[in-house]
$ cat coords_29.cif   # mmCIF, C-alpha atoms
data_query
loop_
_atom_site.group_PDB
_atom_site.id
_atom_site.type_symbol
_atom_site.label_atom_id
_atom_site.label_comp_id
_atom_site.auth_asym_id
_atom_site.auth_seq_id
_atom_site.Cartn_x
_atom_site.Cartn_y
_atom_site.Cartn_z
ATOM 1 C CA MET A 1 17.547 -89.173 -49.963
ATOM 2 C CA ASN A 2 16.402 -86.285 -47.797
ATOM 3 C CA ASP A 3 13.245 -86.469 -45.662
ATOM 4 C CA ALA A 4 11.005 -85.036 -48.394
ATOM 5 C CA GLU A 5 12.326 -87.529 -50.952
ATOM 6 C CA ILE A 6 11.803 -90.403 -48.526
ATOM 7 C CA LYS A 7 8.231 -89.293 -47.871
ATOM 8 C CA GLN A 8 7.585 -89.063 -51.604
ATOM 9 C CA MET A 9 9.039 -92.539 -52.111
ATOM 10 C CA CYS A 10 6.850 -93.975 -49.335
ATOM 11 C CA LEU A 11 3.631 -92.439 -50.624
ATOM 12 C CA GLN A 12 4.474 -93.543 -54.155
ATOM 13 C CA LEU A 13 5.008 -97.133 -52.994
ATOM 14 C CA THR A 14 1.613 -97.115 -51.264
ATOM 15 C CA GLU A 15 0.004 -95.793 -54.454
ATOM 16 C CA THR A 16 1.687 -98.193 -56.899
ATOM 17 C CA SER A 17 2.094 -101.537 -55.092
ATOM 18 C CA LYS A 18 -0.424 -104.024 -56.397
ATOM 19 C CA ALA A 19 -0.644 -105.828 -53.083
ATOM 20 C CA ALA A 20 -0.172 -104.702 -49.493
ATOM 21 C CA TYR A 21 1.181 -107.338 -47.122
ATOM 22 C CA LEU A 22 -0.810 -107.418 -43.894
ATOM 23 C CA THR A 23 0.585 -109.175 -40.848
ATOM 24 C CA THR A 24 -1.624 -110.059 -37.886
ATOM 25 C CA ILE A 25 -0.671 -111.968 -34.716
ATOM 26 C CA ASP A 26 -2.389 -115.181 -33.648
ATOM 27 C CA ALA A 27 -3.369 -116.351 -30.154
ATOM 28 C CA GLU A 28 0.039 -118.022 -29.667
ATOM 29 C CA GLY A 29 1.869 -114.841 -30.627
ATOM 30 C CA TYR A 30 2.981 -115.958 -34.097
ATOM 31 C CA PRO A 31 2.742 -113.487 -36.984
ATOM 32 C CA HIS A 32 0.683 -114.359 -40.089
ATOM 33 C CA THR A 33 1.267 -112.481 -43.349
ATOM 34 C CA THR A 34 -1.043 -112.329 -46.326
ATOM 35 C CA ALA A 35 -1.392 -110.268 -49.501
ATOM 36 C CA MET A 36 -4.371 -107.902 -49.530
ATOM 37 C CA LEU A 37 -5.915 -105.748 -52.243
ATOM 38 C CA ASN A 38 -4.091 -102.425 -51.983
ATOM 39 C CA LEU A 39 -6.973 -99.948 -52.125
ATOM 40 C CA ARG A 40 -4.435 -97.075 -52.149
ATOM 41 C CA ASN A 41 -3.307 -98.154 -55.643
ATOM 42 C CA SER A 42 -4.519 -95.198 -57.683
ATOM 43 C CA GLU A 43 -4.473 -97.002 -61.022
ATOM 44 C CA THR A 44 -6.540 -99.971 -59.840
ATOM 45 C CA TRP A 45 -8.908 -98.022 -57.565
ATOM 46 C CA PRO A 46 -9.159 -94.450 -58.949
ATOM 47 C CA LYS A 47 -12.530 -93.893 -57.283
ATOM 48 C CA LEU A 48 -10.889 -94.216 -53.875
ATOM 49 C CA VAL A 49 -8.090 -91.678 -54.369
ATOM 50 C CA PRO A 50 -9.947 -88.863 -52.504
ATOM 51 C CA LEU A 51 -10.362 -91.143 -49.495
ATOM 52 C CA PHE A 52 -6.609 -91.325 -49.094
ATOM 53 C CA SER A 53 -5.888 -87.655 -49.809
ATOM 54 C CA GLU A 54 -7.115 -86.327 -46.489
ATOM 55 C CA ASN A 55 -4.189 -84.460 -45.036
ATOM 56 C CA GLN A 56 -4.158 -85.562 -41.429
ATOM 57 C CA GLU A 57 -4.262 -89.235 -42.346
ATOM 58 C CA GLU A 58 -2.060 -89.423 -45.400
ATOM 59 C CA TYR A 59 -0.666 -92.858 -44.498
ATOM 60 C CA LYS A 60 -4.077 -94.309 -43.635
ATOM 61 C CA VAL A 61 -4.639 -97.923 -44.694
ATOM 62 C CA ILE A 62 -8.047 -99.413 -45.472
ATOM 63 C CA PHE A 63 -8.759 -103.039 -46.270
ATOM 64 C CA THR A 64 -11.890 -104.973 -47.026
ATOM 65 C CA THR A 65 -12.001 -108.605 -46.002
ATOM 66 C CA ASN A 66 -14.324 -111.385 -44.941
ATOM 67 C CA THR A 67 -15.675 -111.105 -41.413
ATOM 68 C CA SER A 68 -15.251 -114.870 -41.192
ATOM 69 C CA SER A 69 -11.507 -114.736 -42.021
ATOM 70 C CA ARG A 70 -8.883 -115.736 -39.513
ATOM 71 C CA LYS A 71 -7.186 -112.348 -39.782
ATOM 72 C CA VAL A 72 -10.349 -110.735 -38.378
ATOM 73 C CA GLN A 73 -10.316 -113.267 -35.534
ATOM 74 C CA HIS A 74 -6.694 -112.332 -34.827
ATOM 75 C CA ILE A 75 -7.436 -108.603 -34.912
ATOM 76 C CA ARG A 76 -10.364 -108.935 -32.501
ATOM 77 C CA ALA A 77 -7.996 -110.447 -29.943
ATOM 78 C CA ASN A 78 -4.913 -108.362 -30.838
ATOM 79 C CA PRO A 79 -5.128 -105.248 -33.053
ATOM 80 C CA LYS A 80 -1.345 -104.895 -33.552
ATOM 81 C CA VAL A 81 -0.511 -105.223 -37.249
ATOM 82 C CA SER A 82 2.023 -104.218 -39.862
ATOM 83 C CA VAL A 83 1.372 -103.378 -43.504
ATOM 84 C CA TYR A 84 4.189 -103.565 -46.034
ATOM 85 C CA TYR A 85 4.491 -102.113 -49.532
ATOM 86 C CA CYS A 86 7.362 -103.150 -51.744
ATOM 87 C CA ASN A 87 8.826 -102.905 -55.179
ATOM 88 C CA PRO A 88 11.090 -105.967 -55.231
ATOM 89 C CA ASP A 89 12.626 -104.916 -58.548
ATOM 90 C CA ASP A 90 14.560 -102.068 -56.941
ATOM 91 C CA TRP A 91 14.302 -103.284 -53.316
ATOM 92 C CA LYS A 92 12.434 -100.213 -52.142
ATOM 93 C CA GLY A 93 10.140 -101.037 -49.250
ATOM 94 C CA PHE A 94 7.927 -99.185 -46.802
ATOM 95 C CA MET A 95 6.152 -100.473 -43.720
ATOM 96 C CA VAL A 96 3.634 -98.945 -41.362
ATOM 97 C CA ASN A 97 2.394 -100.458 -38.141
ATOM 98 C CA GLY A 98 0.002 -99.701 -35.310
ATOM 99 C CA ASP A 99 -3.397 -100.788 -34.002
ATOM 100 C CA ILE A 100 -5.930 -101.581 -36.698
ATOM 101 C CA GLU A 101 -9.653 -101.059 -36.097
ATOM 102 C CA ILE A 102 -12.730 -102.860 -37.374
ATOM 103 C CA VAL A 103 -14.996 -100.204 -38.897
ATOM 104 C CA SER A 104 -18.739 -100.617 -38.674
ATOM 105 C CA ASP A 105 -19.686 -97.313 -40.400
ATOM 106 C CA PRO A 106 -22.057 -98.345 -43.252
ATOM 107 C CA GLU A 107 -21.296 -95.121 -45.164
ATOM 108 C CA LEU A 108 -17.626 -96.029 -45.412
ATOM 109 C CA LYS A 109 -18.555 -99.533 -46.555
ATOM 110 C CA ARG A 110 -20.847 -98.066 -49.192
ATOM 111 C CA SER A 111 -18.248 -95.570 -50.419
ATOM 112 C CA LEU A 112 -15.647 -98.308 -50.837
ATOM 113 C CA TRP A 113 -17.945 -100.640 -52.757
ATOM 114 C CA HIS A 114 -17.103 -101.627 -56.347
ATOM 115 C CA ASP A 115 -19.075 -103.594 -58.912
ATOM 116 C CA GLY A 116 -17.976 -107.205 -58.881
ATOM 117 C CA TRP A 117 -17.392 -107.411 -55.145
ATOM 118 C CA GLU A 118 -20.637 -109.401 -55.002
ATOM 119 C CA ASN A 119 -18.380 -112.343 -55.820
ATOM 120 C CA TYR A 120 -16.888 -111.984 -52.341
ATOM 121 C CA TYR A 121 -19.865 -110.444 -50.505
ATOM 122 C CA PRO A 122 -23.067 -111.664 -52.189
ATOM 123 C CA MET A 123 -25.353 -109.413 -50.135
ATOM 124 C CA GLY A 124 -23.564 -106.221 -51.131
ATOM 125 C CA PHE A 125 -21.765 -103.533 -49.117
ATOM 126 C CA ASP A 126 -23.747 -104.296 -45.961
ATOM 127 C CA ASP A 127 -23.213 -108.052 -46.207
ATOM 128 C CA PRO A 128 -22.466 -109.248 -42.637
ATOM 129 C CA ASP A 129 -19.393 -110.998 -44.052
ATOM 130 C CA HIS A 130 -18.020 -107.670 -45.403
ATOM 131 C CA THR A 131 -15.591 -106.214 -42.884
ATOM 132 C CA VAL A 132 -13.646 -102.986 -43.300
ATOM 133 C CA LEU A 133 -10.353 -102.502 -41.472
ATOM 134 C CA ARG A 134 -8.712 -99.126 -40.934
ATOM 135 C CA LEU A 135 -5.209 -98.391 -39.710
ATOM 136 C CA ILE A 136 -3.955 -94.951 -38.698
ATOM 137 C CA PRO A 137 -0.277 -95.914 -38.388
ATOM 138 C CA LYS A 138 2.028 -95.031 -35.518
ATOM 139 C CA LEU A 139 5.343 -95.854 -37.168
ATOM 140 C CA GLY A 140 6.711 -95.703 -40.701
ATOM 141 C CA LYS A 141 9.895 -97.570 -41.562
ATOM 142 C CA GLY A 142 11.653 -98.793 -44.649
ATOM 143 C CA TRP A 143 14.553 -99.108 -47.016
ATOM 144 C CA THR A 144 15.420 -96.657 -49.801
ATOM 145 C CA GLY A 145 17.357 -99.271 -51.742
ATOM 146 C CA SER A 146 20.541 -98.282 -49.917
ATOM 147 C CA ASN A 147 19.558 -97.048 -46.440
ATOM 148 C CA THR A 148 17.079 -97.662 -43.654
ATOM 149 C CA PHE A 149 14.813 -94.923 -42.330
ATOM 150 C CA ASP A 150 11.967 -94.573 -39.851
ATOM 151 C CA PHE A 151 9.636 -91.872 -38.623
ATOM 152 C CA SER A 152 6.809 -91.499 -36.132
ATOM 153 C CA LEU A 153 3.256 -91.057 -37.355
ATOM 154 C CA GLY A 154 0.027 -90.177 -35.620
ATOM 155 C CA ASP A 155 -0.086 -89.234 -31.953
ATOM 156 C CA MET B 1 -5.916 -127.858 -56.353
ATOM 157 C CA ASN B 2 -5.239 -131.124 -54.548
ATOM 158 C CA ASP B 3 -2.654 -131.407 -51.764
ATOM 159 C CA ALA B 4 0.184 -132.364 -54.127
ATOM 160 C CA GLU B 5 -0.562 -129.420 -56.409
ATOM 161 C CA ILE B 6 -0.676 -127.047 -53.443
ATOM 162 C CA LYS B 7 2.671 -128.337 -52.212
ATOM 163 C CA GLN B 8 4.159 -127.896 -55.673
ATOM 164 C CA MET B 9 2.800 -124.337 -55.844
ATOM 165 C CA CYS B 10 4.255 -123.496 -52.419
ATOM 166 C CA LEU B 11 7.721 -124.835 -53.203
ATOM 167 C CA GLN B 12 7.682 -123.100 -56.569
ATOM 168 C CA LEU B 13 6.814 -119.758 -54.916
ATOM 169 C CA THR B 14 9.726 -120.164 -52.502
ATOM 170 C CA GLU B 15 12.053 -120.919 -55.434
ATOM 171 C CA THR B 16 10.931 -118.066 -57.699
ATOM 172 C CA SER B 17 10.034 -115.098 -55.447
ATOM 173 C CA LYS B 18 12.742 -112.474 -55.665
ATOM 174 C CA ALA B 19 12.149 -111.311 -52.111
ATOM 175 C CA ALA B 20 10.904 -113.081 -48.994
ATOM 176 C CA TYR B 21 8.986 -110.904 -46.548
ATOM 177 C CA LEU B 22 10.189 -111.464 -42.993
ATOM 178 C CA THR B 23 8.087 -110.264 -40.074
ATOM 179 C CA THR B 24 9.558 -109.984 -36.571
ATOM 180 C CA ILE B 25 7.854 -108.683 -33.410
ATOM 181 C CA ASP B 26 9.214 -105.737 -31.400
ATOM 182 C CA ALA B 27 9.342 -105.256 -27.627
ATOM 183 C CA GLU B 28 5.891 -103.630 -27.618
ATOM 184 C CA GLY B 29 4.378 -106.545 -29.552
ATOM 185 C CA TYR B 30 4.066 -104.782 -32.925
ATOM 186 C CA PRO B 31 5.014 -106.683 -36.069
ATOM 187 C CA HIS B 32 7.712 -105.303 -38.417
ATOM 188 C CA THR B 33 7.930 -106.537 -42.006
ATOM 189 C CA THR B 34 10.867 -106.185 -44.362
ATOM 190 C CA ALA B 35 11.977 -107.633 -47.693
ATOM 191 C CA MET B 36 14.919 -110.021 -47.470
ATOM 192 C CA LEU B 37 17.090 -111.669 -50.107
ATOM 193 C CA ASN B 38 15.327 -114.941 -50.904
ATOM 194 C CA LEU B 39 18.205 -117.401 -50.830
ATOM 195 C CA ARG B 40 15.811 -120.166 -51.972
ATOM 196 C CA ASN B 41 15.496 -118.444 -55.370
ATOM 197 C CA SER B 42 17.199 -121.004 -57.581
ATOM 198 C CA GLU B 43 17.892 -118.610 -60.459
ATOM 199 C CA THR B 44 19.570 -115.962 -58.306
ATOM 200 C CA TRP B 45 21.391 -118.338 -55.941
ATOM 201 C CA PRO B 46 22.024 -121.606 -57.859
ATOM 202 C CA LYS B 47 24.943 -122.550 -55.600
ATOM 203 C CA LEU B 48 22.549 -122.805 -52.660
ATOM 204 C CA VAL B 49 19.984 -125.148 -54.233
ATOM 205 C CA PRO B 50 21.437 -128.301 -52.551
ATOM 206 C CA LEU B 51 21.108 -126.623 -49.155
ATOM 207 C CA PHE B 52 17.352 -126.435 -49.601
ATOM 208 C CA SER B 53 16.898 -129.886 -51.119
ATOM 209 C CA GLU B 54 17.343 -131.855 -47.912
ATOM 210 C CA ASN B 55 14.208 -133.897 -47.524
ATOM 211 C CA GLN B 56 13.330 -133.453 -43.899
ATOM 212 C CA GLU B 57 13.568 -129.682 -44.076
ATOM 213 C CA GLU B 58 12.124 -128.890 -47.464
ATOM 214 C CA TYR B 59 10.484 -125.656 -46.290
ATOM 215 C CA LYS B 60 13.577 -124.459 -44.409
ATOM 216 C CA VAL B 61 14.289 -120.721 -44.632
ATOM 217 C CA ILE B 62 17.755 -119.193 -44.326
ATOM 218 C CA PHE B 63 18.560 -115.486 -44.246
ATOM 219 C CA THR B 64 21.735 -113.522 -43.912
ATOM 220 C CA THR B 65 21.540 -110.140 -42.233
ATOM 221 C CA ASN B 66 23.487 -107.652 -40.181
ATOM 222 C CA THR B 67 24.006 -108.599 -36.536
ATOM 223 C CA SER B 68 23.463 -104.930 -35.715
ATOM 224 C CA SER B 69 20.015 -104.832 -37.383
ATOM 225 C CA ARG B 70 16.852 -104.272 -35.430
ATOM 226 C CA LYS B 71 15.349 -107.512 -36.691
ATOM 227 C CA VAL B 72 18.151 -109.414 -34.934
ATOM 228 C CA GLN B 73 17.400 -107.450 -31.736
ATOM 229 C CA HIS B 74 13.742 -108.420 -32.072
ATOM 230 C CA ILE B 75 14.565 -112.092 -32.666
ATOM 231 C CA ARG B 76 16.862 -112.268 -29.633
ATOM 232 C CA ALA B 77 13.927 -111.196 -27.464
ATOM 233 C CA ASN B 78 11.183 -113.010 -29.417
ATOM 234 C CA PRO B 79 11.961 -115.669 -32.050
ATOM 235 C CA LYS B 80 8.397 -115.836 -33.446
ATOM 236 C CA VAL B 81 8.418 -114.831 -37.118
ATOM 237 C CA SER B 82 6.573 -115.280 -40.376
ATOM 238 C CA VAL B 83 8.056 -115.458 -43.867
ATOM 239 C CA TYR B 84 5.881 -114.739 -46.885
ATOM 240 C CA TYR B 85 6.419 -115.529 -50.567
ATOM 241 C CA CYS B 86 4.118 -114.035 -53.141
ATOM 242 C CA ASN B 87 3.471 -113.603 -56.809
ATOM 243 C CA PRO B 88 1.206 -110.535 -56.809
ATOM 244 C CA ASP B 89 0.498 -110.921 -60.530
ATOM 245 C CA ASP B 90 -1.682 -113.971 -59.961
ATOM 246 C CA TRP B 91 -2.294 -113.460 -56.196
ATOM 247 C CA LYS B 92 -0.666 -116.734 -55.226
ATOM 248 C CA GLY B 93 0.884 -116.501 -51.776
ATOM 249 C CA PHE B 94 2.524 -118.814 -49.282
ATOM 250 C CA MET B 95 3.510 -118.159 -45.693
ATOM 251 C CA VAL B 96 5.452 -120.155 -43.154
ATOM 252 C CA ASN B 97 5.903 -119.285 -39.505
ATOM 253 C CA GLY B 98 7.607 -120.595 -36.396
ATOM 254 C CA ASP B 99 10.585 -119.835 -34.165
ATOM 255 C CA ILE B 100 13.659 -118.627 -36.021
ATOM 256 C CA GLU B 101 17.149 -119.318 -34.699
ATOM 257 C CA ILE B 102 20.395 -117.381 -34.883
ATOM 258 C CA VAL B 103 22.998 -119.770 -36.294
ATOM 259 C CA SER B 104 26.582 -119.498 -35.147
ATOM 260 C CA ASP B 105 27.960 -122.424 -37.195
ATOM 261 C CA PRO B 106 30.894 -120.960 -39.190
ATOM 262 C CA GLU B 107 30.660 -123.755 -41.777
ATOM 263 C CA LEU B 108 27.124 -122.736 -42.689
ATOM 264 C CA LYS B 109 28.224 -119.097 -42.929
ATOM 265 C CA ARG B 110 31.092 -120.112 -45.193
ATOM 266 C CA SER B 111 28.893 -122.291 -47.415
ATOM 267 C CA LEU B 112 26.395 -119.462 -47.908
ATOM 268 C CA TRP B 113 29.023 -116.866 -48.794
ATOM 269 C CA HIS B 114 29.019 -115.212 -52.231
ATOM 270 C CA ASP B 115 31.495 -112.855 -53.887
ATOM 271 C CA GLY B 116 30.339 -109.295 -53.438
ATOM 272 C CA TRP B 117 28.912 -109.763 -49.964
ATOM 273 C CA GLU B 118 31.995 -107.892 -48.731
ATOM 274 C CA ASN B 119 29.922 -104.809 -49.483
ATOM 275 C CA TYR B 120 27.701 -105.775 -46.563
ATOM 276 C CA TYR B 121 30.186 -107.677 -44.403
ATOM 277 C CA PRO B 122 33.671 -106.253 -45.062
ATOM 278 C CA MET B 123 35.468 -108.889 -42.988
ATOM 279 C CA GLY B 124 34.020 -111.810 -44.934
ATOM 280 C CA PHE B 125 31.866 -114.771 -43.919
ATOM 281 C CA ASP B 126 33.052 -114.652 -40.306
ATOM 282 C CA ASP B 127 32.505 -110.888 -39.970
ATOM 283 C CA PRO B 128 30.946 -110.357 -36.505
ATOM 284 C CA ASP B 129 28.244 -108.309 -38.230
ATOM 285 C CA HIS B 130 27.282 -111.291 -40.458
ATOM 286 C CA THR B 131 24.378 -113.144 -38.874
ATOM 287 C CA VAL B 132 22.633 -116.193 -40.308
ATOM 288 C CA LEU B 133 19.024 -116.922 -39.405
ATOM 289 C CA ARG B 134 17.369 -120.314 -39.881
ATOM 290 C CA LEU B 135 13.697 -121.183 -39.641
ATOM 291 C CA ILE B 136 12.327 -124.727 -39.605
ATOM 292 C CA PRO B 137 8.658 -123.744 -39.982
ATOM 293 C CA LYS B 138 5.765 -125.105 -37.919
ATOM 294 C CA LEU B 139 2.894 -123.917 -40.096
ATOM 295 C CA GLY B 140 2.389 -123.384 -43.824
ATOM 296 C CA LYS B 141 -0.556 -121.334 -45.028
ATOM 297 C CA GLY B 142 -1.592 -119.525 -48.161
ATOM 298 C CA TRP B 143 -3.874 -118.710 -51.027
ATOM 299 C CA THR B 144 -4.023 -120.592 -54.327
ATOM 300 C CA GLY B 145 -5.506 -117.623 -56.158
ATOM 301 C CA SER B 146 -9.014 -118.849 -55.318
ATOM 302 C CA ASN B 147 -8.828 -120.723 -52.003
ATOM 303 C CA THR B 148 -7.056 -120.711 -48.650
ATOM 304 C CA PHE B 149 -5.108 -123.697 -47.367
ATOM 305 C CA ASP B 150 -2.905 -124.551 -44.420
ATOM 306 C CA PHE B 151 -0.856 -127.472 -43.215
ATOM 307 C CA SER B 152 1.336 -128.350 -40.249
ATOM 308 C CA LEU B 153 5.079 -128.648 -40.674
ATOM 309 C CA GLY B 154 7.851 -129.887 -38.431
ATOM 310 C CA ASP B 155 7.108 -131.525 -35.082
#
$ encode --input "coords_29.cif" --output "structure tokens"
Amino acid sequence: MNDAEIKQMCLQLTETSKAAYLTTIDAEGYPHTTAMLNLRNSETWPKLVPLFSENQEEYKVIFTTNTSSRKVQHIRANPKVSVYYCNPDDWKGFMVNGDIEIVSDPELKRSLWHDGWENYYPMGFDDPDHTVLRLIPKLGKGWTGSNTFDFSLGD
Amino acid sequence: MNDAEIKQMCLQLTETSKAAYLTTIDAEGYPHTTAMLNLRNSETWPKLVPLFSENQEEYKVIFTTNTSSRKVQHIRANPKVSVYYCNPDDWKGFMVNGDIEIVSDPELKRSLWHDGWENYYPMGFDDPDHTVLRLIPKLGKGWTGSNTFDFSLGD
């Protein structure tokens, strides 16, 4: 694969993976991995496609989660995370990492909101237990099915 | 789910997931996640089932990888890792973490060996580029599809 094909593969993985695997680091330095809703999946979340089409941030990751979750506790103390997308059927995988931020912007929370999320956040988009996380990655890295690759992102 | 059902779900995930997602930590403290062959998958690797049936180490994880890989570099400097198993179709997930060790025992390398691995390690099971990693986890943690759980493992 040339660089353009690799980039296409990476973006496609981020747009088709059902889950994104988020890893945070706890107070003792151990990683913790968990499956998150992949809001970049264009079939599951078509309303959000424009949010991820902004050119300067094409590998941006956004998650919603509970403020009370342990991953948010980890991130408050240590923002270093990785996010992994994978198609295990053909072994293609793509990872980004960097420092994730906790977003307080109510407009972003409102624009992400979908009917049914009241099950998780009963008070709606501005529920205090509704936290939005945003990662502008620094590094992209992965496996084409036959080769490794990596590239710098961001600053 | 009660504790026995959770345990059954966890072991089943480790025995059915095609890939296991290994996260190591680099010199700057950033996590790196990659899909690994899940040698606990009993359908893909039936010869290895007895290796994972020893009672005291029922959540043991074993990987084979290239000595020259960056994940081995990371582990030499920092053995703290997580390993995640997931069925994204029903959102069940199970993670273990702890300190992973690089195993030099040639008998273990020989017992793991499968025809075809010459593609990765041309000199066979004792190829200097063939590294075996073993994790006896300290923590198990996951999501049943509707609830979180965690339990201590090991010492």
$ residues_around --input "coords_29.cif" --residues "B:Gln12" --least-positions-apart "6" --cutoff "12 Å" --atoms "all atoms listed in the file" --output "PyMOL selection string"
chain B and resi 5-6+18+40-43+58-59+85-87+92-94
$ interface_residues --input "coords_29.cif" --of "chain A" --to "chain B" --cutoff "8 Å" --atoms "only C-alpha atoms" --output "number ranges by chain"
A: 18-19, 23-25, 29-35, 80-84, 86, 88, 91, 93-95, 97-98, 142
$ atom_distance --input "coords_29.cif" --atom1 "atom CA of A:Phe149" --atom2 "atom CA of B:Thr67"
17.5 Å
$ resolve_selection --input "coords_29.cif" --expression "the PyMOL selection byres ((chain A and resi 114-128) around 12)" --output "mmCIF file with C-alpha atoms, in the frame of the given file"
data_model
loop_
_atom_site.group_PDB
_atom_site.id
_atom_site.type_symbol
_atom_site.label_atom_id
_atom_site.label_comp_id
_atom_site.auth_asym_id
_atom_site.auth_seq_id
_atom_site.Cartn_x
_atom_site.Cartn_y
_atom_site.Cartn_z
ATOM 1 C CA LEU A 37 -5.915 -105.748 -52.243
ATOM 2 C CA LEU A 39 -6.973 -99.948 -52.125
ATOM 3 C CA THR A 44 -6.540 -99.971 -59.840
ATOM 4 C CA TRP A 45 -8.908 -98.022 -57.565
ATOM 5 C CA PRO A 46 -9.159 -94.450 -58.949
ATOM 6 C CA LYS A 47 -12.530 -93.893 -57.283
ATOM 7 C CA LEU A 48 -10.889 -94.216 -53.875
ATOM 8 C CA THR A 64 -11.890 -104.973 -47.026
ATOM 9 C CA THR A 65 -12.001 -108.605 -46.002
ATOM 10 C CA ASN A 66 -14.324 -111.385 -44.941
ATOM 11 C CA THR A 67 -15.675 -111.105 -41.413
ATOM 12 C CA SER A 68 -15.251 -114.870 -41.192
ATOM 13 C CA SER A 69 -11.507 -114.736 -42.021
ATOM 14 C CA VAL A 103 -14.996 -100.204 -38.897
ATOM 15 C CA SER A 104 -18.739 -100.617 -38.674
ATOM 16 C CA ASP A 105 -19.686 -97.313 -40.400
ATOM 17 C CA PRO A 106 -22.057 -98.345 -43.252
ATOM 18 C CA GLU A 107 -21.296 -95.121 -45.164
ATOM 19 C CA LEU A 108 -17.626 -96.029 -45.412
ATOM 20 C CA LYS A 109 -18.555 -99.533 -46.555
ATOM 21 C CA ARG A 110 -20.847 -98.066 -49.192
ATOM 22 C CA SER A 111 -18.248 -95.570 -50.419
ATOM 23 C CA LEU A 112 -15.647 -98.308 -50.837
ATOM 24 C CA TRP A 113 -17.945 -100.640 -52.757
ATOM 25 C CA ASP A 129 -19.393 -110.998 -44.052
ATOM 26 C CA HIS A 130 -18.020 -107.670 -45.403
ATOM 27 C CA THR A 131 -15.591 -106.214 -42.884
ATOM 28 C CA VAL A 132 -13.646 -102.986 -43.300
ATOM 29 C CA SER B 146 -9.014 -118.849 -55.318
ATOM 30 C CA ASN B 147 -8.828 -120.723 -52.003
#
$ atom_distance --input "coords_29.cif" --atom1 "atom CA of B:Leu51" --atom2 "atom CA of B:Thr14"
13.5 Å
$ axis_aligned_box --input "coords_29.cif" --around "stretch 78-92 of chain B" --padding-each-side "4 Å" --output "AutoDock Vina command-line options"
--center_x 4.8 --center_y -113.6 --center_z -45.0 --size_x 22.3 --size_y 14.2 --size_z 39.1
$ residues_around --input "coords_29.cif" --residues "B:Arg134" --least-positions-apart "4" --cutoff "6 Å" --atoms "all atoms listed in the file" --output "PDB file with C-alpha atoms, in the frame of the given file"
ATOM      1  CA  VAL B  61      14.289-120.721 -44.632  1.00  0.00           C
ATOM      2  CA  ILE B  62      17.755-119.193 -44.326  1.00  0.00           C
ATOM      3  CA  ILE B 100      13.659-118.627 -36.021  1.00  0.00           C
ATOM      4  CA  GLU B 101      17.149-119.318 -34.699  1.00  0.00           C
TER       5      GLU B 101
END
$ atom_distance --input "coords_29.cif" --atom1 "atom CA of A:Ala27" --atom2 "atom CA of B:Lys138"
14.8 Å
$ resolve_selection --input "coords_29.cif" --expression "the PyMOL selection byres ((chain B and resi 57) around 10)" --output "ChimeraX atom specification"
/B:51-56,58-61,135-137,153-154
